Amino acid sequence: MPDAPDPEPTVLSADFSAQVMAGRVSTLELPGADIASVRVIEGPDYGHVSINPDNTIAVVLTGTTDTAPLNFSLGVTSTDGTVTTYTADLDVTPISQEAGWGTGNHYKLATDADDNTIVEHGEIHQKVYVSGSEGALTRADIAALENMSVSKVTGHWLANHATYGKSADMALAEDAGLPMWNAMTNTGEGSSHWLLFERGYQYDNLEMPLGREAFGSSELNPLYIGAWGEGARPEMTSRMTITNGSNDNLIFDGLEFSDGVTVFYADNIIFEDVMIREEGINIQNTDGVTFRNSHIIDVVRDAPSNGGDTWNGHADRVSGLYANKTEGLLIENVWTDHTGWADDYRTDLSAEGGQAPSIYSQNIYINYDNTDVTLRDTITMRAASFGAQVRSGGFIEDNVFLDNQAAVNSLRGLNGTTDNAYALYSGNLVTSGAHLLVDSGPKGALTMGIDSYTRDAALVGNIVTHLADPDNPAEIAEKTVGHDAVRSASAYYDDTIIYNWNGTYNAAKAEEINQNVDGLDRDVLDQTTIQNYTGTVLNKDKGTIAELADQLEAQAYGIREATVDADSIIDYFQDGFGIDTTERSEAALVRFVPSSTGDGVRWDNRLNWDTQDTPGTAAGDSVDLGGNQVNFGGTSTLSHLNFGDGGALAVTQGRLTIEGHIFAGDRGADLHIDYAGQFWAHGYTDSDMLRIDADGGRLVNTGLWTGTTDFDISQNTQAVLATDGADFIVNGDSRLTITGEDAKVGFDGDDNDTATALFSDEAELRFVAEEGGLSTIREFYSGTFDGDAPDVRSGVNLGGVDLSLDVTDITNGSTFRHNLIEVDELIGGIGDLSITGLGSRDAKIVVDYEQDVLELLLGPQGSGSGAIALETWGTETDARSDTGLWDALTNGHGIYPDDLPADIPEEIDNIEALI
């Protein structure tokens with residue numbers, strides 16, 4: 001990987017003052033040389049301050065626009081052991097791009113070893129198989145089999161029938177399958193049904209795949225439309241449109257759309273392994289859109305839109321992918337090619353030829369009004385104009401911009417404003433300028449590289465090279481115009497390598513145009529071309545860009561082995577340009593160090609890590625967050641996790657698995673789980689406080705959890721406190737709070753092992769009613785384990801837990817009954833009991849050892865005085881009938897535990913001791 005960028009830090013003045021910019025990361029250096037260590041004593045009122053390994057100070061103001069004076073206190077230890085406290089006073093200047101940095105809050109689920117999205121269904125799930133084969137059952141076929149009229153074979157009849165469409169052997173034709181799908185999903189209740197089209201056939205009726213009341217159960221359990229069987233992707237021949245305004249939590253996987261896609265007013269959508277051909281995809285007013293592992297090719301008009309005899313650049317404009325007014329747009333590992341022009345176009349724009357290129361047609365067009373945009377690992381080539389217009393700004397990483405009229409741009413804002421986000425260009429390659437000429441009409445760039453008008457953009461580790469093949473004199477002579485390799489107004493940082501980016505008109509300035517190539521072997525640079533790369537792929541001396549496109553198309557259709565992607569092309573060029581591309585293979589303790597060149601908070605930005613790659617690159621990696629606030633992204637398995645003092649981690653996408661120890665730091669640590677994020681831990685044993693705020697997503701404990709925890713669960717969180725063989729122990733300094741009725745809390749697994757929650761004396765268990773409902777600690781189906789139902793032996797030991805309830809929001813005036821806990825075996829008792837919000841009704845808590853439930857009963861409003869009663873029914877010793885579960889519930893510390901289990905491992909304070 002390229003070396004880390006090293007902008008000089010700002011040295012604090014003698015009075016510990018400095019100037020920083022709102023919304024950005026600043027690195028500050030303390031005055032003086034005899035510094036052994038630094039720690040944060042008191043943080044700022046906004047933003048975040050942490051200490052880097054070299055004792056510089058990271059001031060992270062990402063996500064803020066405040067310009068109020070900022071101060072914080074530091075404890076500085078000198079080499080002689082003297083400790084001095086200083087207060088830093090910072091002057092904060094206004095943010096230069098008002099939308100700030102994107103923080104990577106994308107709708108992305110966990111992925112498998114092949115980088116395919118893992119799709120899980122929830123409790124409301126059924127598959128609908130559709131086929132285009134002659135053997136597929138039509139409504140008429142079913143009517144004949146059932147001896148009933150065709151009119152009675154409705155979608156609802158099929159949905160309620162036990163057989164039709166629910167297996168590949170009973171696959172339905174479109175006229176039966178789509179009404180059945182609509183009846184199952186258009187209920188307003190949310191579901192995780194799957195609609196599966198047989199591969200190898202065309203389908204003509206998927207214009208509106210979802211009714212107004214159809215949406216996925218949750219971000220983790222979405223509706224899924226995909227494929228089954230063998231052969232080519234199912235081809236949808238009519239344009240698919242999603243415009244209902246309520247179709248959320250959706251996945252489209254393994255399909256081909258030959259008439260394009262329109263998505264308006266829908267949230268949380270993943271397009272995975274789709275082919276979009278001839279007509280593009282238009283996404284507007286939709287948040288949480290992910291387009292990955294997919295292809296957009298040959299989006300070209302057949303004839304002028306006005307029916308005339310001349311092509312009009314503006315009227316006939318097309319885009320492979322167009323996005324506007326989205327938040328959280330992720331485009332990754334996409335190949336897009338040849339948008340907006342045909343090989344047989346005429347320079348005079350005559351319609352006797354194919355569509356002529358114009359400034360208005362782009363492969364990827366991301367308009368101004370988008371926020372939190374990420375474009376990565378994508379090959380975008382042979383566009384009529386830009387390979388990618390990222391007008392909004394964004395995180396643009398590891399892309400190949402090949403043979404476009406213009407490679408990529410970002411802008412400050414609409415109509416002279418600075419409304420847009422910052423732009424970070426990291427590790428991209430630009431090579432070959434298309435130089436497609438027309439005689440008239442608005443003429444844009446012919447050979448533009450990176451065109452960044454965004455203020456304070458950072459360009460890190462990019463290469464712009466070979467406007468024309470240096471071994472092809474005819475191509476060199478033909479490409480007369482050499483536009484800018486990089487045009488960046490007020491860049492914060494730019495180390496772009498530029499080589500051989502000139503046309504014949506400015507050939508005399510070739511050396512002046514070259515940048516950052518001193519010491520490199522020019523002969524090697526001249527041989528590091530896309531033509532020679534293509535030759536290595538095709539096992540011949542050289543290849544053409546068209547042949548590379550043929551290879552990519554064959555890969556997209558599964559005809560050839562997938563040997564070409566953005567990473568392999570970039571590696572080839574980086575090797576030739578003297579950049580080490582060796583991937584780290586040894587496990588390391590990877591330290592988060594906020595980079596001033598970018599956001600300073602994103603896990604998936606390698607510039608924020610001291611190894612210059614992301615954790616999990618090598619098996620066995622561990623992470624030290626260094627007390628920083630970090631947004632996780634991706635799918636990663638680690639050995640250990642150290643938050644550092646005051647560290648915070650937000651897991652809102654993907655899956656993070658910690659197989660070993662978790663460390664919170666003396667000031668405690670914060671873990672936020674939400675949206676589509678999953679956090680899997682093999683227990684937690686640190687005595688320092690871990691504050692967990694789960695408003696969605698999933699937490700799974702697979703081991704022994706005994707550490708000090710303040711765990712707040714609400715909304716549609718899935719909290720698997722214990723899975724097979726695991727124990728979740730709430731110690732006397734810990735609290736578990738469950739708010740509302742939507743959260744699923746308790747146990748799930750697939751091995752019929754024990755799964756327990758145990759409460760120590762003085763531990764707190766709190767339920768808070770919301771919108772009239774309460775949740776239950778119970779077994780539940782999450783969708784993440786094998787089987788269609790939880791297969792664990794669940795138990796709860798109440799110990800002497802302090803139980804509190806807030807029933808203020810239960811406004812139903814009649815009698816109210818609700819089980820707070822339902823498990824296979826319940827033992828233990830209640831310590832302190834409090835219930836608020838009763839008003840003029842009485843309450844009773846029943847510990848029922850016979851039914852193994854903890855029940856709340858509220859009398860009718862107006863019938864009581866707020867009295868609270870506690871009753872116990874049956875005896876807890878009946879739990880001994882399951883010896884294994886009894887042992888797990890008592891676990892060496894008796895029925896009423898005052899002490900933690902004897903087999904808890906001794907606390908380890910130093911993560912370095914484990915690495």
# chains A, B, ... in the order shown; residues from 1 in each chain; ligands from 1
>>> residues_around(residues="Asp204 in chain A", least_positions_apart="4", cutoff="7 Å", atoms="only C-alpha atoms", output="ChimeraX atom specification")
/A:236-238
>>> write_last_selection(atoms="N, CA and C atoms", output="compact mmCIF listing (two decimals), in the first residue's frame")
# COMPACT_ATOMS: atom_id res chain seq x y z
N MET A 236 -35.53 -9.37 -16.66
CA MET A 236 -36.76 -8.60 -16.53
C MET A 236 -36.84 -7.63 -17.70
N THR A 237 -37.78 -7.85 -18.61
CA THR A 237 -37.79 -7.11 -19.87
C THR A 237 -38.55 -5.80 -19.80
N SER A 238 -39.31 -5.56 -18.74
CA SER A 238 -40.01 -4.29 -18.59
C SER A 238 -39.36 -3.51 -17.45
>>> residues_around(residues="range 37-45 of chain A", least_positions_apart="3", cutoff="6 Å", atoms="only C-alpha atoms", output="ChimeraX atom specification")
/A:71-77
>>> residues_around(residues="Arg212 in chain A", least_positions_apart="3", cutoff="12 Å", atoms="only C-alpha atoms", output="ChimeraX atom specification")
/A:182-183,185-190,208-209,215,242-248,265-266
>>> select_by_dssp(residues="range 384-582 of chain A", states="helix (DSSP H, G or I)", output="number ranges by chain")
A: 414-416, 473-478, 504-513, 522-527, 530-538, 545-556, 566-576
>>> atom_distance(atom1="CA of Thr544 in chain A", atom2="CA of Gln531 in chain A")
5.4 Å
>>> residues_around(residues="Ser385 in chain A", least_positions_apart="6", cutoff="12 Å", atoms="only C-alpha atoms", output="MDAnalysis selection string")
chainID A and resid 313 317:320 337:341 356:365 401:409 433:437 442:449
>>> residues_around(residues="Gly354 in chain A", least_positions_apart="5", cutoff="12 Å", atoms="only C-alpha atoms", output="ChimeraX atom specification")
/A:300-304,309-312,316,340-349
>>> residues_around(residues="Asn628 in chain A", least_positions_apart="4", cutoff="7 Å", atoms="only C-alpha atoms", output="PyMOL selection string")
chain A and resi 50+647-648
>>> closest_residue(among="A:Val60, A:Val11, A:Leu854, A:Ile366", to="Gly627 in chain A", atoms="only C-alpha atoms")
A:Val60
>>> closest_residue(among="A:Val119, A:Ile830, A:Leu28, A:Val730", to="Asp89 in chain A", atoms="only C-alpha atoms")
A:Leu28
>>> closest_residue(among="A:His483, A:Arg199, A:Lys844, A:His295", to="Ile379 in chain A", atoms="only C-alpha atoms")
A:His295
>>> closest_residue(among="A:Ala58, A:Ile476, A:Ala22, A:Leu656", to="Thr504 in chain A", atoms="only C-alpha atoms")
A:Ile476
>>> atom_distance(atom1="CA of Thr723 in chain A", atom2="CA of His125 in chain A")
22.2 Å
>>> residues_around(residues="range 134-141 of chain A", least_positions_apart="5", cutoff="8 Å", atoms="only C-alpha atoms", output="PDB file with all heavy atoms, in the first residue's frame")
ATOM      1  N   VAL A 150     -61.044 -20.352 -13.000  1.00  0.00           N
ATOM      2  CA  VAL A 150     -59.798 -19.586 -12.999  1.00  0.00           C
ATOM      3  C   VAL A 150     -59.955 -18.325 -12.151  1.00  0.00           C
ATOM      4  O   VAL A 150     -59.018 -17.906 -11.461  1.00  0.00           O
ATOM      5  CB  VAL A 150     -59.382 -19.228 -14.444  1.00  0.00           C
ATOM      6  CG1 VAL A 150     -58.168 -18.310 -14.450  1.00  0.00           C
ATOM      7  CG2 VAL A 150     -59.106 -20.484 -15.243  1.00  0.00           C
ATOM      8  N   VAL A 153     -58.817 -18.595  -8.616  1.00  0.00           N
ATOM      9  CA  VAL A 153     -57.387 -18.810  -8.320  1.00  0.00           C
ATOM     10  C   VAL A 153     -56.734 -17.442  -8.189  1.00  0.00           C
ATOM     11  O   VAL A 153     -56.087 -16.920  -9.091  1.00  0.00           O
ATOM     12  CB  VAL A 153     -56.707 -19.648  -9.416  1.00  0.00           C
ATOM     13  CG1 VAL A 153     -55.258 -19.934  -9.033  1.00  0.00           C
ATOM     14  CG2 VAL A 153     -57.460 -20.951  -9.632  1.00  0.00           C
ATOM     15  N   MET A 170     -43.074 -27.025  -7.731  1.00  0.00           N
ATOM     16  CA  MET A 170     -44.411 -26.479  -7.949  1.00  0.00           C
ATOM     17  C   MET A 170     -44.331 -25.009  -8.355  1.00  0.00           C
ATOM     18  O   MET A 170     -45.190 -24.189  -8.012  1.00  0.00           O
ATOM     19  CB  MET A 170     -45.259 -26.628  -6.670  1.00  0.00           C
ATOM     20  CG  MET A 170     -45.442 -28.073  -6.225  1.00  0.00           C
ATOM     21  SD  MET A 170     -46.426 -29.043  -7.413  1.00  0.00           S
ATOM     22  CE  MET A 170     -48.054 -28.375  -7.093  1.00  0.00           C
ATOM     23  N   ALA A 171     -43.298 -24.668  -9.119  1.00  0.00           N
ATOM     24  CA  ALA A 171     -43.086 -23.283  -9.522  1.00  0.00           C
ATOM     25  C   ALA A 171     -44.252 -22.766 -10.355  1.00  0.00           C
ATOM     26  O   ALA A 171     -44.865 -23.501 -11.141  1.00  0.00           O
ATOM     27  CB  ALA A 171     -41.787 -23.159 -10.306  1.00  0.00           C
ATOM     28  N   LEU A 172     -44.536 -21.476 -10.204  1.00  0.00           N
ATOM     29  CA  LEU A 172     -45.676 -20.855 -10.867  1.00  0.00           C
ATOM     30  C   LEU A 172     -45.233 -20.013 -12.051  1.00  0.00           C
ATOM     31  O   LEU A 172     -44.127 -19.463 -12.075  1.00  0.00           O
ATOM     32  CB  LEU A 172     -46.416 -19.949  -9.877  1.00  0.00           C
ATOM     33  CG  LEU A 172     -46.946 -20.610  -8.605  1.00  0.00           C
ATOM     34  CD1 LEU A 172     -47.554 -19.560  -7.690  1.00  0.00           C
ATOM     35  CD2 LEU A 172     -47.967 -21.693  -8.933  1.00  0.00           C
ATOM     36  N   ALA A 173     -46.125 -19.897 -13.018  1.00  0.00           N
ATOM     37  CA  ALA A 173     -45.929 -18.923 -14.084  1.00  0.00           C
ATOM     38  C   ALA A 173     -46.189 -17.527 -13.521  1.00  0.00           C
ATOM     39  O   ALA A 173     -46.754 -17.361 -12.439  1.00  0.00           O
ATOM     40  CB  ALA A 173     -46.871 -19.223 -15.245  1.00  0.00           C
ATOM     41  N   GLU A 174     -45.779 -16.505 -14.286  1.00  0.00           N
ATOM     42  CA  GLU A 174     -45.922 -15.131 -13.802  1.00  0.00           C
ATOM     43  C   GLU A 174     -47.364 -14.790 -13.443  1.00  0.00           C
ATOM     44  O   GLU A 174     -47.618 -14.077 -12.462  1.00  0.00           O
ATOM     45  CB  GLU A 174     -45.422 -14.144 -14.857  1.00  0.00           C
ATOM     46  CG  GLU A 174     -43.919 -14.003 -14.941  1.00  0.00           C
ATOM     47  CD  GLU A 174     -43.525 -12.910 -15.923  1.00  0.00           C
ATOM     48  OE1 GLU A 174     -43.414 -13.206 -17.127  1.00  0.00           O
ATOM     49  OE2 GLU A 174     -43.352 -11.762 -15.480  1.00  0.00           O
ATOM     50  N   ASP A 175     -48.317 -15.271 -14.240  1.00  0.00           N
ATOM     51  CA  ASP A 175     -49.712 -14.861 -14.016  1.00  0.00           C
ATOM     52  C   ASP A 175     -50.251 -15.373 -12.701  1.00  0.00           C
ATOM     53  O   ASP A 175     -51.236 -14.851 -12.165  1.00  0.00           O
ATOM     54  CB  ASP A 175     -50.598 -15.319 -15.184  1.00  0.00           C
ATOM     55  CG  ASP A 175     -50.973 -16.788 -15.109  1.00  0.00           C
ATOM     56  OD1 ASP A 175     -50.101 -17.601 -14.730  1.00  0.00           O
ATOM     57  OD2 ASP A 175     -52.122 -17.125 -15.439  1.00  0.00           O
ATOM     58  N   ALA A 176     -49.587 -16.378 -12.111  1.00  0.00           N
ATOM     59  CA  ALA A 176     -49.991 -16.890 -10.801  1.00  0.00           C
ATOM     60  C   ALA A 176     -49.025 -16.439  -9.708  1.00  0.00           C
ATOM     61  O   ALA A 176     -49.441 -16.067  -8.608  1.00  0.00           O
ATOM     62  CB  ALA A 176     -50.071 -18.411 -10.830  1.00  0.00           C
TER      63      ALA A 176
END
>>> closest_residue(among="A:Ala14, A:Val261, A:Ala507, A:Ala323", to="Thr286 in chain A", atoms="only C-alpha atoms")
A:Ala323
>>> closest_residue(among="A:Val400, A:Ala474, A:Ile269, A:Leu858", to="Phe573 in chain A", atoms="only C-alpha atoms")
A:Val400
>>> atom_distance(atom1="CA of Gly229 in chain A", atom2="CA of Ala676 in chain A")
28.7 Å
